[in-house]
>>> print(open('start-v1.cif').read())   # mmCIF, C-alpha atoms, pLDDT in the B column; chains and numbers go by the auth columns
data_upload
#
loop_
_atom_site.group_PDB
_atom_site.id
_atom_site.type_symbol
_atom_site.label_atom_id
_atom_site.label_comp_id
_atom_site.label_asym_id
_atom_site.label_seq_id
_atom_site.Cartn_x
_atom_site.Cartn_y
_atom_site.Cartn_z
_atom_site.B_iso_or_equiv
_atom_site.auth_seq_id
_atom_site.auth_asym_id
ATOM 1 C CA GLY A 1 67.798 21.606 15.257 38.00 1 G
ATOM 2 C CA GLU A 2 66.791 25.137 14.454 38.00 2 G
ATOM 3 C CA SER A 3 68.587 26.723 11.547 42.00 3 G
ATOM 4 C CA VAL A 4 68.500 29.773 9.335 46.00 4 G
ATOM 5 C CA GLY A 5 69.843 29.371 5.830 42.00 5 G
ATOM 6 C CA LEU A 6 70.482 31.472 2.751 40.00 6 G
ATOM 7 C CA HIS A 7 69.949 30.427 -0.861 44.00 7 G
ATOM 8 C CA LEU A 8 72.889 32.302 -2.429 46.00 8 G
ATOM 9 C CA PRO A 9 76.332 32.551 -0.874 84.00 9 G
ATOM 10 C CA THR A 10 77.494 35.361 -3.227 90.00 10 G
ATOM 11 C CA LEU A 11 75.478 37.965 -5.056 93.00 11 G
ATOM 12 C CA SER A 12 77.000 40.355 -7.601 95.00 12 G
ATOM 13 C CA VAL A 13 74.984 43.368 -8.714 96.00 13 G
ATOM 14 C CA GLN A 14 75.645 46.396 -10.830 97.00 14 G
ATOM 15 C CA GLU A 15 75.847 49.723 -9.051 97.00 15 G
ATOM 16 C CA GLY A 16 72.460 51.381 -9.145 97.00 16 G
ATOM 17 C CA ASP A 17 70.523 48.140 -9.520 97.00 17 G
ATOM 18 C CA ASN A 18 68.313 46.674 -6.824 97.00 18 G
ATOM 19 C CA SER A 19 69.575 43.751 -4.729 97.00 19 G
ATOM 20 C CA ILE A 20 67.540 40.958 -3.217 96.00 20 G
ATOM 21 C CA ILE A 21 69.033 38.714 -0.567 96.00 21 G
ATOM 22 C CA ASN A 22 67.026 35.706 0.537 94.00 22 G
ATOM 23 C CA CYS A 23 66.852 33.708 3.722 93.00 23 G
ATOM 24 C CA ALA A 24 64.962 30.563 4.704 93.00 24 G
ATOM 25 C CA TYR A 25 64.185 29.802 8.302 90.00 25 G
ATOM 26 C CA SER A 26 63.090 26.494 9.717 82.00 26 G
ATOM 27 C CA ASN A 27 61.372 27.319 13.007 92.00 27 G
ATOM 28 C CA SER A 28 57.760 28.256 12.382 94.00 28 G
ATOM 29 C CA ALA A 29 57.557 29.541 15.968 94.00 29 G
ATOM 30 C CA SER A 30 60.154 32.271 15.334 95.00 30 G
ATOM 31 C CA ASP A 31 58.540 35.653 15.815 94.00 31 G
ATOM 32 C CA TYR A 32 61.266 38.217 15.288 96.00 32 G
ATOM 33 C CA PHE A 33 63.754 38.575 12.444 96.00 33 G
ATOM 34 C CA ILE A 34 66.722 40.840 11.912 97.00 34 G
ATOM 35 C CA TRP A 35 69.016 41.620 9.008 97.00 35 G
ATOM 36 C CA TYR A 36 72.634 42.510 9.698 97.00 36 G
ATOM 37 C CA LYS A 37 75.433 43.868 7.531 97.00 37 G
ATOM 38 C CA GLN A 38 79.009 42.933 8.278 94.00 38 G
ATOM 39 C CA GLU A 39 81.949 44.677 6.673 92.00 39 G
ATOM 40 C CA SER A 40 85.377 43.128 6.682 88.00 40 G
ATOM 41 C CA GLY A 41 87.000 43.224 10.104 88.00 41 G
ATOM 42 C CA LYS A 42 83.930 44.663 11.839 92.00 42 G
ATOM 43 C CA GLY A 43 81.068 43.427 13.926 94.00 43 G
ATOM 44 C CA PRO A 44 77.594 42.914 12.461 95.00 44 G
ATOM 45 C CA GLN A 45 75.561 46.102 12.160 96.00 45 G
ATOM 46 C CA PHE A 46 71.784 46.263 12.385 96.00 46 G
ATOM 47 C CA ILE A 47 69.981 47.081 9.141 97.00 47 G
ATOM 48 C CA ILE A 48 66.308 46.389 9.652 97.00 48 G
ATOM 49 C CA ASP A 49 64.024 44.101 11.612 97.00 49 G
ATOM 50 C CA ILE A 50 60.516 42.725 11.375 97.00 50 G
ATOM 51 C CA ARG A 51 58.158 40.966 13.736 96.00 51 G
ATOM 52 C CA SER A 52 55.981 38.054 12.750 96.00 52 G
ATOM 53 C CA ASN A 53 52.777 40.100 12.853 96.00 53 G
ATOM 54 C CA MET A 54 54.027 42.056 9.817 97.00 54 G
ATOM 55 C CA ASP A 55 54.671 41.071 6.191 97.00 55 G
ATOM 56 C CA LYS A 56 56.737 44.041 5.106 98.00 56 G
ATOM 57 C CA ARG A 57 58.782 46.789 6.638 98.00 57 G
ATOM 58 C CA GLN A 58 60.622 49.589 4.932 97.00 58 G
ATOM 59 C CA GLY A 59 63.645 51.603 5.927 95.00 59 G
ATOM 60 C CA GLN A 60 65.917 53.946 4.082 93.00 60 G
ATOM 61 C CA ARG A 61 66.665 52.143 0.768 96.00 61 G
ATOM 62 C CA VAL A 62 65.941 48.779 2.406 98.00 62 G
ATOM 63 C CA THR A 63 62.827 46.660 2.641 98.00 63 G
ATOM 64 C CA VAL A 64 62.332 43.400 4.468 98.00 64 G
ATOM 65 C CA LEU A 65 59.627 40.972 3.391 98.00 65 G
ATOM 66 C CA LEU A 66 58.412 38.109 5.527 98.00 66 G
ATOM 67 C CA ASN A 67 56.476 35.157 4.147 97.00 67 G
ATOM 68 C CA LYS A 68 55.481 32.995 7.074 95.00 68 G
ATOM 69 C CA THR A 69 53.665 30.479 4.877 95.00 69 G
ATOM 70 C CA VAL A 70 56.912 29.318 3.285 95.00 70 G
ATOM 71 C CA LYS A 71 59.182 30.511 6.106 95.00 71 G
ATOM 72 C CA HIS A 72 61.065 32.924 3.901 95.00 72 G
ATOM 73 C CA LEU A 73 62.657 36.285 4.559 96.00 73 G
ATOM 74 C CA SER A 74 64.166 38.667 2.041 97.00 74 G
ATOM 75 C CA LEU A 75 66.125 41.899 2.134 98.00 75 G
ATOM 76 C CA GLN A 76 65.747 44.307 -0.748 98.00 76 G
ATOM 77 C CA ILE A 77 68.272 47.076 -1.229 98.00 77 G
ATOM 78 C CA ALA A 78 67.296 49.799 -3.654 97.00 78 G
ATOM 79 C CA ALA A 79 69.839 51.550 -5.881 97.00 79 G
ATOM 80 C CA THR A 80 72.738 49.473 -4.598 97.00 80 G
ATOM 81 C CA GLN A 81 75.886 51.453 -3.907 96.00 81 G
ATOM 82 C CA PRO A 82 79.557 50.425 -3.539 96.00 82 G
ATOM 83 C CA GLY A 83 79.232 51.009 0.206 96.00 83 G
ATOM 84 C CA ASP A 84 76.651 48.220 0.321 97.00 84 G
ATOM 85 C CA SER A 85 79.337 45.643 -0.441 96.00 85 G
ATOM 86 C CA ALA A 86 79.465 43.405 2.631 94.00 86 G
ATOM 87 C CA VAL A 87 78.217 40.120 4.031 93.00 87 G
ATOM 88 C CA TYR A 88 74.564 40.108 5.019 95.00 88 G
ATOM 89 C CA PHE A 89 73.125 37.842 7.700 93.00 89 G
ATOM 90 C CA CYS A 90 69.605 37.117 8.697 95.00 90 G
ATOM 91 C CA ALA A 91 68.780 36.109 12.233 95.00 91 G
ATOM 92 C CA GLU A 92 65.680 34.608 13.767 95.00 92 G
ATOM 93 C CA TYR A 93 64.513 34.877 17.333 94.00 93 G
ATOM 94 C CA THR A 94 61.948 32.752 19.079 93.00 94 G
ATOM 95 C CA SER A 95 60.283 34.177 22.160 92.00 95 G
ATOM 96 C CA GLY A 96 60.963 32.114 25.236 90.00 96 G
ATOM 97 C CA THR A 97 64.290 30.761 23.973 90.00 97 G
ATOM 98 C CA TYR A 98 66.220 34.041 24.341 90.00 98 G
ATOM 99 C CA LYS A 99 68.399 32.897 21.444 91.00 99 G
ATOM 100 C CA TYR A 100 69.160 34.543 18.126 92.00 100 G
ATOM 101 C CA ILE A 101 70.072 32.024 15.400 92.00 101 G
ATOM 102 C CA PHE A 102 72.067 33.230 12.416 92.00 102 G
ATOM 103 C CA GLY A 103 72.420 31.955 8.890 84.00 103 G
ATOM 104 C CA THR A 104 75.754 31.516 7.130 82.00 104 G
ATOM 105 C CA GLY A 105 75.560 34.846 5.288 90.00 105 G
ATOM 106 C CA THR A 106 75.482 36.158 1.718 92.00 106 G
ATOM 107 C CA ARG A 107 78.303 38.207 0.290 92.00 107 G
ATOM 108 C CA LEU A 108 77.057 41.142 -1.765 95.00 108 G
ATOM 109 C CA LYS A 109 79.474 42.503 -4.355 95.00 109 G
ATOM 110 C CA VAL A 110 78.624 45.775 -6.047 96.00 110 G
ATOM 111 C CA LEU A 111 80.155 46.181 -9.496 94.00 111 G
ATOM 112 C CA ALA A 112 81.026 49.693 -10.685 87.00 112 G
ATOM 113 C CA ASN B 1 78.194 56.318 23.319 64.00 1 S
ATOM 114 C CA ALA B 2 80.292 53.150 23.624 76.00 2 S
ATOM 115 C CA GLY B 3 77.634 50.435 23.164 95.00 3 S
ATOM 116 C CA VAL B 4 79.369 47.050 23.417 97.00 4 S
ATOM 117 C CA THR B 5 83.105 47.005 24.097 97.00 5 S
ATOM 118 C CA GLN B 6 85.275 43.912 23.807 97.00 6 S
ATOM 119 C CA THR B 7 88.804 43.497 25.141 97.00 7 S
ATOM 120 C CA PRO B 8 91.284 42.475 23.971 97.00 8 S
ATOM 121 C CA LYS B 9 90.859 42.971 20.234 96.00 9 S
ATOM 122 C CA PHE B 10 93.650 40.531 19.365 96.00 10 S
ATOM 123 C CA ARG B 11 95.310 37.720 21.263 96.00 11 S
ATOM 124 C CA VAL B 12 97.690 34.888 20.429 97.00 12 S
ATOM 125 C CA LEU B 13 97.799 31.872 22.718 96.00 13 S
ATOM 126 C CA LYS B 14 99.724 28.640 22.837 97.00 14 S
ATOM 127 C CA THR B 15 97.843 25.369 23.076 97.00 15 S
ATOM 128 C CA GLY B 16 96.865 24.681 26.674 97.00 16 S
ATOM 129 C CA GLN B 17 96.979 28.288 27.846 97.00 17 S
ATOM 130 C CA SER B 18 93.943 29.932 29.382 96.00 18 S
ATOM 131 C CA MET B 19 92.513 33.382 28.867 96.00 19 S
ATOM 132 C CA THR B 20 89.465 35.555 29.429 97.00 20 S
ATOM 133 C CA LEU B 21 87.660 37.826 26.993 98.00 21 S
ATOM 134 C CA LEU B 22 85.798 40.736 28.519 98.00 22 S
ATOM 135 C CA CYS B 23 82.598 42.233 27.204 98.00 23 S
ATOM 136 C CA ALA B 24 81.100 45.407 28.615 98.00 24 S
ATOM 137 C CA GLN B 25 77.860 47.133 27.602 97.00 25 S
ATOM 138 C CA ASP B 26 76.521 50.493 28.724 96.00 26 S
ATOM 139 C CA MET B 27 72.946 50.164 27.445 96.00 27 S
ATOM 140 C CA ASN B 28 71.535 48.525 30.572 95.00 28 S
ATOM 141 C CA HIS B 29 70.682 45.445 28.522 96.00 29 S
ATOM 142 C CA GLU B 30 69.465 42.392 30.347 96.00 30 S
ATOM 143 C CA TYR B 31 70.611 39.821 27.782 96.00 31 S
ATOM 144 C CA MET B 32 74.178 39.157 26.686 97.00 32 S
ATOM 145 C CA TYR B 33 75.667 36.680 24.242 98.00 33 S
ATOM 146 C CA TRP B 34 78.978 35.271 23.066 98.00 34 S
ATOM 147 C CA TYR B 35 79.293 34.064 19.469 97.00 35 S
ATOM 148 C CA ARG B 36 82.182 32.729 17.457 96.00 36 S
ATOM 149 C CA GLN B 37 82.632 33.304 13.754 93.00 37 S
ATOM 150 C CA ASP B 38 84.833 31.145 11.581 88.00 38 S
ATOM 151 C CA PRO B 39 85.840 31.969 7.983 77.00 39 S
ATOM 152 C CA GLY B 40 82.953 31.618 5.579 70.00 40 S
ATOM 153 C CA MET B 41 80.577 30.675 8.353 74.00 41 S
ATOM 154 C CA GLY B 42 77.888 32.398 10.258 84.00 42 S
ATOM 155 C CA LEU B 43 77.760 33.228 13.927 93.00 43 S
ATOM 156 C CA ARG B 44 77.489 30.316 16.323 94.00 44 S
ATOM 157 C CA LEU B 45 76.229 30.849 19.840 95.00 45 S
ATOM 158 C CA ILE B 46 78.621 29.750 22.585 97.00 46 S
ATOM 159 C CA HIS B 47 76.924 30.886 25.791 98.00 47 S
ATOM 160 C CA TYR B 48 74.391 33.488 26.776 97.00 48 S
ATOM 161 C CA SER B 49 72.985 35.177 29.849 97.00 49 S
ATOM 162 C CA VAL B 50 69.463 36.382 30.559 96.00 50 S
ATOM 163 C CA GLY B 51 70.452 38.418 33.583 95.00 51 S
ATOM 164 C CA GLU B 52 73.043 39.114 36.219 95.00 52 S
ATOM 165 C CA GLY B 53 74.206 35.893 37.855 94.00 53 S
ATOM 166 C CA THR B 54 72.718 33.636 35.159 96.00 54 S
ATOM 167 C CA THR B 55 74.332 31.826 32.231 97.00 55 S
ATOM 168 C CA ALA B 56 73.214 29.183 29.745 97.00 56 S
ATOM 169 C CA LYS B 57 74.775 27.028 27.034 96.00 57 S
ATOM 170 C CA GLY B 58 74.403 27.781 23.359 95.00 58 S
ATOM 171 C CA GLU B 59 75.197 25.655 20.313 93.00 59 S
ATOM 172 C CA VAL B 60 78.958 25.246 20.851 95.00 60 S
ATOM 173 C CA PRO B 61 79.722 25.585 24.594 97.00 61 S
ATOM 174 C CA ASP B 62 82.440 22.954 24.994 96.00 62 S
ATOM 175 C CA GLY B 63 85.821 24.317 26.063 96.00 63 S
ATOM 176 C CA TYR B 64 84.383 27.659 27.213 98.00 64 S
ATOM 177 C CA ASN B 65 83.085 29.051 30.473 97.00 65 S
ATOM 178 C CA VAL B 66 81.280 32.314 31.161 98.00 66 S
ATOM 179 C CA SER B 67 80.366 34.515 34.074 97.00 67 S
ATOM 180 C CA ARG B 68 77.964 37.431 34.523 97.00 68 S
ATOM 181 C CA LEU B 69 78.770 38.832 37.948 95.00 69 S
ATOM 182 C CA LYS B 70 77.670 42.339 36.970 96.00 70 S
ATOM 183 C CA LYS B 71 74.846 43.265 34.645 96.00 71 S
ATOM 184 C CA GLN B 72 77.088 45.246 32.341 97.00 72 S
ATOM 185 C CA ASN B 73 79.846 42.624 31.998 98.00 73 S
ATOM 186 C CA PHE B 74 79.948 39.188 30.407 98.00 74 S
ATOM 187 C CA LEU B 75 83.213 37.253 30.542 98.00 75 S
ATOM 188 C CA LEU B 76 84.177 34.380 28.247 98.00 76 S
ATOM 189 C CA GLY B 77 86.923 32.057 29.461 98.00 77 S
ATOM 190 C CA LEU B 78 88.953 29.460 27.638 96.00 78 S
ATOM 191 C CA GLU B 79 90.120 26.864 30.122 91.00 79 S
ATOM 192 C CA SER B 80 92.751 25.137 27.962 96.00 80 S
ATOM 193 C CA ALA B 81 93.026 26.684 24.517 96.00 81 S
ATOM 194 C CA ALA B 82 93.055 24.435 21.452 97.00 82 S
ATOM 195 C CA PRO B 83 93.815 25.315 17.804 97.00 83 S
ATOM 196 C CA SER B 84 90.150 24.609 17.009 96.00 84 S
ATOM 197 C CA GLN B 85 89.281 27.654 19.110 97.00 85 S
ATOM 198 C CA THR B 86 91.068 29.966 16.705 96.00 86 S
ATOM 199 C CA SER B 87 88.257 32.267 15.682 95.00 87 S
ATOM 200 C CA VAL B 88 86.763 35.728 15.912 96.00 88 S
ATOM 201 C CA TYR B 89 84.623 36.124 18.997 98.00 89 S
ATOM 202 C CA PHE B 90 81.728 38.539 19.135 98.00 90 S
ATOM 203 C CA CYS B 91 79.855 39.710 22.163 98.00 91 S
ATOM 204 C CA ALA B 92 76.349 41.110 21.824 98.00 92 S
ATOM 205 C CA SER B 93 73.619 42.431 24.049 97.00 93 S
ATOM 206 C CA SER B 94 69.929 43.194 23.814 95.00 94 S
ATOM 207 C CA SER B 95 66.798 43.998 25.702 91.00 95 S
ATOM 208 C CA LEU B 96 64.053 41.359 25.491 83.00 96 S
ATOM 209 C CA ALA B 97 63.214 40.342 21.910 80.00 97 S
ATOM 210 C CA ASN B 98 64.902 43.364 20.433 88.00 98 S
ATOM 211 C CA VAL B 99 67.844 44.283 18.253 93.00 99 S
ATOM 212 C CA LEU B 100 71.068 42.522 19.133 95.00 100 S
ATOM 213 C CA THR B 101 73.935 45.030 19.357 96.00 101 S
ATOM 214 C CA PHE B 102 77.400 43.665 18.635 97.00 102 S
ATOM 215 C CA GLY B 103 80.899 44.557 19.702 97.00 103 S
ATOM 216 C CA ALA B 104 83.753 44.934 17.229 96.00 104 S
ATOM 217 C CA GLY B 105 85.079 41.428 17.850 96.00 105 S
ATOM 218 C CA SER B 106 88.113 39.769 19.413 97.00 106 S
ATOM 219 C CA ARG B 107 90.424 37.832 17.115 96.00 107 S
ATOM 220 C CA LEU B 108 91.994 34.841 18.847 97.00 108 S
ATOM 221 C CA THR B 109 94.744 32.667 17.411 96.00 109 S
ATOM 222 C CA VAL B 110 95.779 29.462 19.159 97.00 110 S
ATOM 223 C CA LEU B 111 99.112 28.039 18.056 96.00 111 S
#
>>> encode(input="start-v1.cif", output="structure tokens")
Amino acid sequence: GESVGLHLPTLSVQEGDNSIINCAYSNSASDYFIWYKQESGKGPQFIIDIRSNMDKRQGQRVTVLLNKTVKHLSLQIAATQPGDSAVYFCAEYTSGTYKYIFGTGTRLKVLA
Amino acid sequence: NAGVTQTPKFRVLKTGQSMTLLCAQDMNHEYMYWYRQDPGMGLRLIHYSVGEGTTAKGEVPDGYNVSRLKKQNFLLGLESAAPSQTSVYFCASSSLANVLTFGAGSRLTVL
């Protein structure tokens, strides 16, 4: 079936460094992608999204890159801060299915 | 600006008991979803609704029922709770092909 997966379950980075979290998706028909951040005991929070007609989108300190050729999505966080420590999920959406499919998540640990 | 509100936040059940989780959204979203999240795992879709009066099965629907009698509410029912249904349940809503907004979660323990 459809699935969204992540390459690294845990990522540790030094405070101030840049972080890159990767995600592979399997459905080539997916046309909308979202990154979420989930802190302990809370619901997922929206970070940034991208539609399939784009390759890159930037927000405040975050950038999402989409490579449709290899079905790969990445989230880049610039100047990682302790408050960025959380689990990050990518989700894919395919028009017509109405369903958002999530990966298992990557835990980001920021080292002081 | 409430967004998505889930009640209750915590609940403990005995095996075989039934219960209902309530989700309410004030964003006039057409689409609503129930997910479960187990430790170390991602979010798995239980049921969803594309509009008032409609529901559909997700990836893991067995043991759950849902109803969407009003556009702003989406109820998740457990008919006969089992320990395997111990989980954190998240409700979410969206407009078509847009950002999914989540509630804070409901932690359910089945003894």
>>> interface_residues(input="start-v1.cif", of="chain S", to="chain G", cutoff="7 Å", atoms="all atoms listed in the file", output="PDB file with C-alpha atoms, keeping the file's coordinate frame")
ATOM      1  CA  MET S  41      80.577  30.675   8.353  1.00 74.00           C
ATOM      2  CA  GLY S  42      77.888  32.398  10.258  1.00 84.00           C
ATOM      3  CA  LEU S  43      77.760  33.228  13.927  1.00 93.00           C
ATOM      4  CA  ALA S  97      63.214  40.342  21.910  1.00 80.00           C
ATOM      5  CA  PHE S 102      77.400  43.665  18.635  1.00 97.00           C
ATOM      6  CA  GLY S 103      80.899  44.557  19.702  1.00 97.00           C
ATOM      7  CA  ALA S 104      83.753  44.934  17.229  1.00 96.00           C
ATOM      8  CA  GLY S 105      85.079  41.428  17.850  1.00 96.00           C
TER       9      GLY S 105
END
>>> resolve_selection(input="start-v1.cif", expression="the PyMOL selection byres ((chain S and resi 74) around 9)", output="number ranges by chain")
S: 21-25, 32-34, 48-49, 66-73, 75-76, 91
>>> residues_around(input="start-v1.cif", residues="Ile20 in chain G", least_positions_apart="5", cutoff="12 Å", atoms="all atoms listed in the file", output="CSV table (one decimal) with C-alpha atoms, in the frame of the given file")
chain,number,residue,atom,x,y,z
G,6,LEU,CA,70.5,31.5,2.8
G,7,HIS,CA,69.9,30.4,-0.9
G,8,LEU,CA,72.9,32.3,-2.4
G,10,THR,CA,77.5,35.4,-3.2
G,11,LEU,CA,75.5,38.0,-5.1
G,12,SER,CA,77.0,40.4,-7.6
G,13,VAL,CA,75.0,43.4,-8.7
G,61,ARG,CA,66.7,52.1,0.8
G,62,VAL,CA,65.9,48.8,2.4
G,63,THR,CA,62.8,46.7,2.6
G,64,VAL,CA,62.3,43.4,4.5
G,65,LEU,CA,59.6,41.0,3.4
G,73,LEU,CA,62.7,36.3,4.6
G,74,SER,CA,64.2,38.7,2.0
G,75,LEU,CA,66.1,41.9,2.1
G,76,GLN,CA,65.7,44.3,-0.7
G,77,ILE,CA,68.3,47.1,-1.2
G,78,ALA,CA,67.3,49.8,-3.7
G,79,ALA,CA,69.8,51.6,-5.9
G,80,THR,CA,72.7,49.5,-4.6
G,88,TYR,CA,74.6,40.1,5.0
G,106,THR,CA,75.5,36.2,1.7
G,107,ARG,CA,78.3,38.2,0.3
G,108,LEU,CA,77.1,41.1,-1.8
>>> resolve_selection(input="start-v1.cif", expression="the PyMOL selection byres ((chain S and resi 60) around 8)", output="JSON, numbers by chain")
{"S": [44, 45, 46, 47, 57, 58, 59, 61, 62]}
>>> resolve_selection(input="start-v1.cif", expression="the PyMOL selection byres ((chain S and resi 10) around 10)", output="list in words")
Thr7, Pro8, Lys9, Arg11, Val12, Val88, Gly105, Ser106, Arg107, Leu108 and Thr109 of chain S
>>> residues_around(input="start-v1.cif", residues="Gln17 in chain S", least_positions_apart="5", cutoff="9 Å", atoms="all atoms listed in the file", output="VMD selection string")
chain S and resid 78 to 82 110
>>> atom_distance(input="start-v1.cif", atom1="CA of Ser95 in chain S", atom2="CA of Glu52 in chain S")
13.2 Å
>>> atom_distance(input="start-v1.cif", atom1="CA of Gly83 in chain G", atom2="CA of Gln58 in chain G")
19.3 Å
>>> atom_distance(input="start-v1.cif", atom1="CA of Lys14 in chain S", atom2="CA of Arg36 in chain S")
18.8 Å
>>> closest_residue(input="start-v1.cif", among="G:Lys68, G:Asp55, G:Ser40, G:Gln60", to="Gly40 in chain S", atoms="only C-alpha atoms")
G:Ser40
>>> residues_around(input="start-v1.cif", residues="Gln81 in chain G", least_positions_apart="4", cutoff="8 Å", atoms="all atoms listed in the file", output="PDB file with C-alpha atoms, in the coordinates of the input")
ATOM      1  CA  GLU G  15      75.847  49.723  -9.051  1.00 97.00           C
ATOM      2  CA  GLY G  16      72.460  51.381  -9.145  1.00 97.00           C
ATOM      3  CA  SER G  85      79.337  45.643  -0.441  1.00 96.00           C
ATOM      4  CA  VAL G 110      78.624  45.775  -6.047  1.00 96.00           C
TER       5      VAL G 110
END
>>> decode(input="start-v1.cif", residues="range 72-79 of chain S", atoms="all heavy atoms", output="PDB file, in the first residue's frame")
ATOM      1  N   GLN S  72     -19.210  20.441  12.357  1.00  0.00           N
ATOM      2  CA  GLN S  72     -18.123  20.806  13.253  1.00  0.00           C
ATOM      3  C   GLN S  72     -17.702  19.686  14.187  1.00  0.00           C
ATOM      4  O   GLN S  72     -16.689  19.817  14.866  1.00  0.00           O
ATOM      5  CB  GLN S  72     -18.514  22.049  14.074  1.00  0.00           C
ATOM      6  CG  GLN S  72     -19.689  21.855  15.025  1.00  0.00           C
ATOM      7  CD  GLN S  72     -21.017  22.235  14.394  1.00  0.00           C
ATOM      8  OE1 GLN S  72     -21.215  22.073  13.190  1.00  0.00           O
ATOM      9  NE2 GLN S  72     -21.920  22.760  15.199  1.00  0.00           N
ATOM     10  N   ASN S  73     -18.453  18.578  14.241  1.00  0.00           N
ATOM     11  CA  ASN S  73     -18.153  17.516  15.195  1.00  0.00           C
ATOM     12  C   ASN S  73     -17.876  16.193  14.506  1.00  0.00           C
ATOM     13  O   ASN S  73     -18.550  15.828  13.535  1.00  0.00           O
ATOM     14  CB  ASN S  73     -19.322  17.320  16.164  1.00  0.00           C
ATOM     15  CG  ASN S  73     -19.560  18.533  17.040  1.00  0.00           C
ATOM     16  OD1 ASN S  73     -18.663  19.346  17.247  1.00  0.00           O
ATOM     17  ND2 ASN S  73     -20.756  18.652  17.555  1.00  0.00           N
ATOM     18  N   PHE S  74     -16.921  15.451  15.052  1.00  0.00           N
ATOM     19  CA  PHE S  74     -16.595  14.126  14.538  1.00  0.00           C
ATOM     20  C   PHE S  74     -16.358  13.234  15.738  1.00  0.00           C
ATOM     21  O   PHE S  74     -15.435  13.471  16.514  1.00  0.00           O
ATOM     22  CB  PHE S  74     -15.357  14.207  13.648  1.00  0.00           C
ATOM     23  CG  PHE S  74     -15.112  12.995  12.779  1.00  0.00           C
ATOM     24  CD1 PHE S  74     -16.147  12.207  12.321  1.00  0.00           C
ATOM     25  CD2 PHE S  74     -13.814  12.682  12.383  1.00  0.00           C
ATOM     26  CE1 PHE S  74     -15.919  11.118  11.493  1.00  0.00           C
ATOM     27  CE2 PHE S  74     -13.571  11.593  11.546  1.00  0.00           C
ATOM     28  CZ  PHE S  74     -14.626  10.816  11.105  1.00  0.00           C
ATOM     29  N   LEU S  75     -17.217  12.233  15.923  1.00  0.00           N
ATOM     30  CA  LEU S  75     -17.164  11.374  17.092  1.00  0.00           C
ATOM     31  C   LEU S  75     -16.505  10.041  16.752  1.00  0.00           C
ATOM     32  O   LEU S  75     -16.795   9.446  15.702  1.00  0.00           O
ATOM     33  CB  LEU S  75     -18.571  11.109  17.626  1.00  0.00           C
ATOM     34  CG  LEU S  75     -19.203  12.190  18.531  1.00  0.00           C
ATOM     35  CD1 LEU S  75     -19.392  13.500  17.789  1.00  0.00           C
ATOM     36  CD2 LEU S  75     -20.519  11.704  19.097  1.00  0.00           C
ATOM     37  N   LEU S  76     -15.661   9.569  17.646  1.00  0.00           N
ATOM     38  CA  LEU S  76     -15.021   8.261  17.502  1.00  0.00           C
ATOM     39  C   LEU S  76     -15.490   7.380  18.644  1.00  0.00           C
ATOM     40  O   LEU S  76     -15.306   7.732  19.812  1.00  0.00           O
ATOM     41  CB  LEU S  76     -13.501   8.388  17.549  1.00  0.00           C
ATOM     42  CG  LEU S  76     -12.723   7.072  17.484  1.00  0.00           C
ATOM     43  CD1 LEU S  76     -12.819   6.468  16.078  1.00  0.00           C
ATOM     44  CD2 LEU S  76     -11.242   7.291  17.850  1.00  0.00           C
ATOM     45  N   GLY S  77     -16.085   6.240  18.313  1.00  0.00           N
ATOM     46  CA  GLY S  77     -16.591   5.320  19.318  1.00  0.00           C
ATOM     47  C   GLY S  77     -15.818   4.023  19.367  1.00  0.00           C
ATOM     48  O   GLY S  77     -15.379   3.511  18.321  1.00  0.00           O
ATOM     49  N   LEU S  78     -15.622   3.525  20.567  1.00  0.00           N
ATOM     50  CA  LEU S  78     -15.057   2.196  20.760  1.00  0.00           C
ATOM     51  C   LEU S  78     -16.189   1.325  21.263  1.00  0.00           C
ATOM     52  O   LEU S  78     -16.777   1.601  22.313  1.00  0.00           O
ATOM     53  CB  LEU S  78     -13.918   2.217  21.780  1.00  0.00           C
ATOM     54  CG  LEU S  78     -12.552   2.659  21.294  1.00  0.00           C
ATOM     55  CD1 LEU S  78     -12.528   4.147  20.971  1.00  0.00           C
ATOM     56  CD2 LEU S  78     -11.491   2.306  22.323  1.00  0.00           C
ATOM     57  N   GLU S  79     -16.506   0.299  20.525  1.00  0.00           N
ATOM     58  CA  GLU S  79     -17.678  -0.523  20.835  1.00  0.00           C
ATOM     59  C   GLU S  79     -17.415  -1.418  22.042  1.00  0.00           C
ATOM     60  O   GLU S  79     -18.229  -1.510  22.952  1.00  0.00           O
ATOM     61  CB  GLU S  79     -18.025  -1.363  19.610  1.00  0.00           C
ATOM     62  CG  GLU S  79     -18.357  -0.513  18.385  1.00  0.00           C
ATOM     63  CD  GLU S  79     -18.036  -1.223  17.065  1.00  0.00           C
ATOM     64  OE1 GLU S  79     -17.310  -2.244  17.083  1.00  0.00           O
ATOM     65  OE2 GLU S  79     -18.500  -0.736  16.029  1.00  0.00           O
TER      66      GLU S  79
END
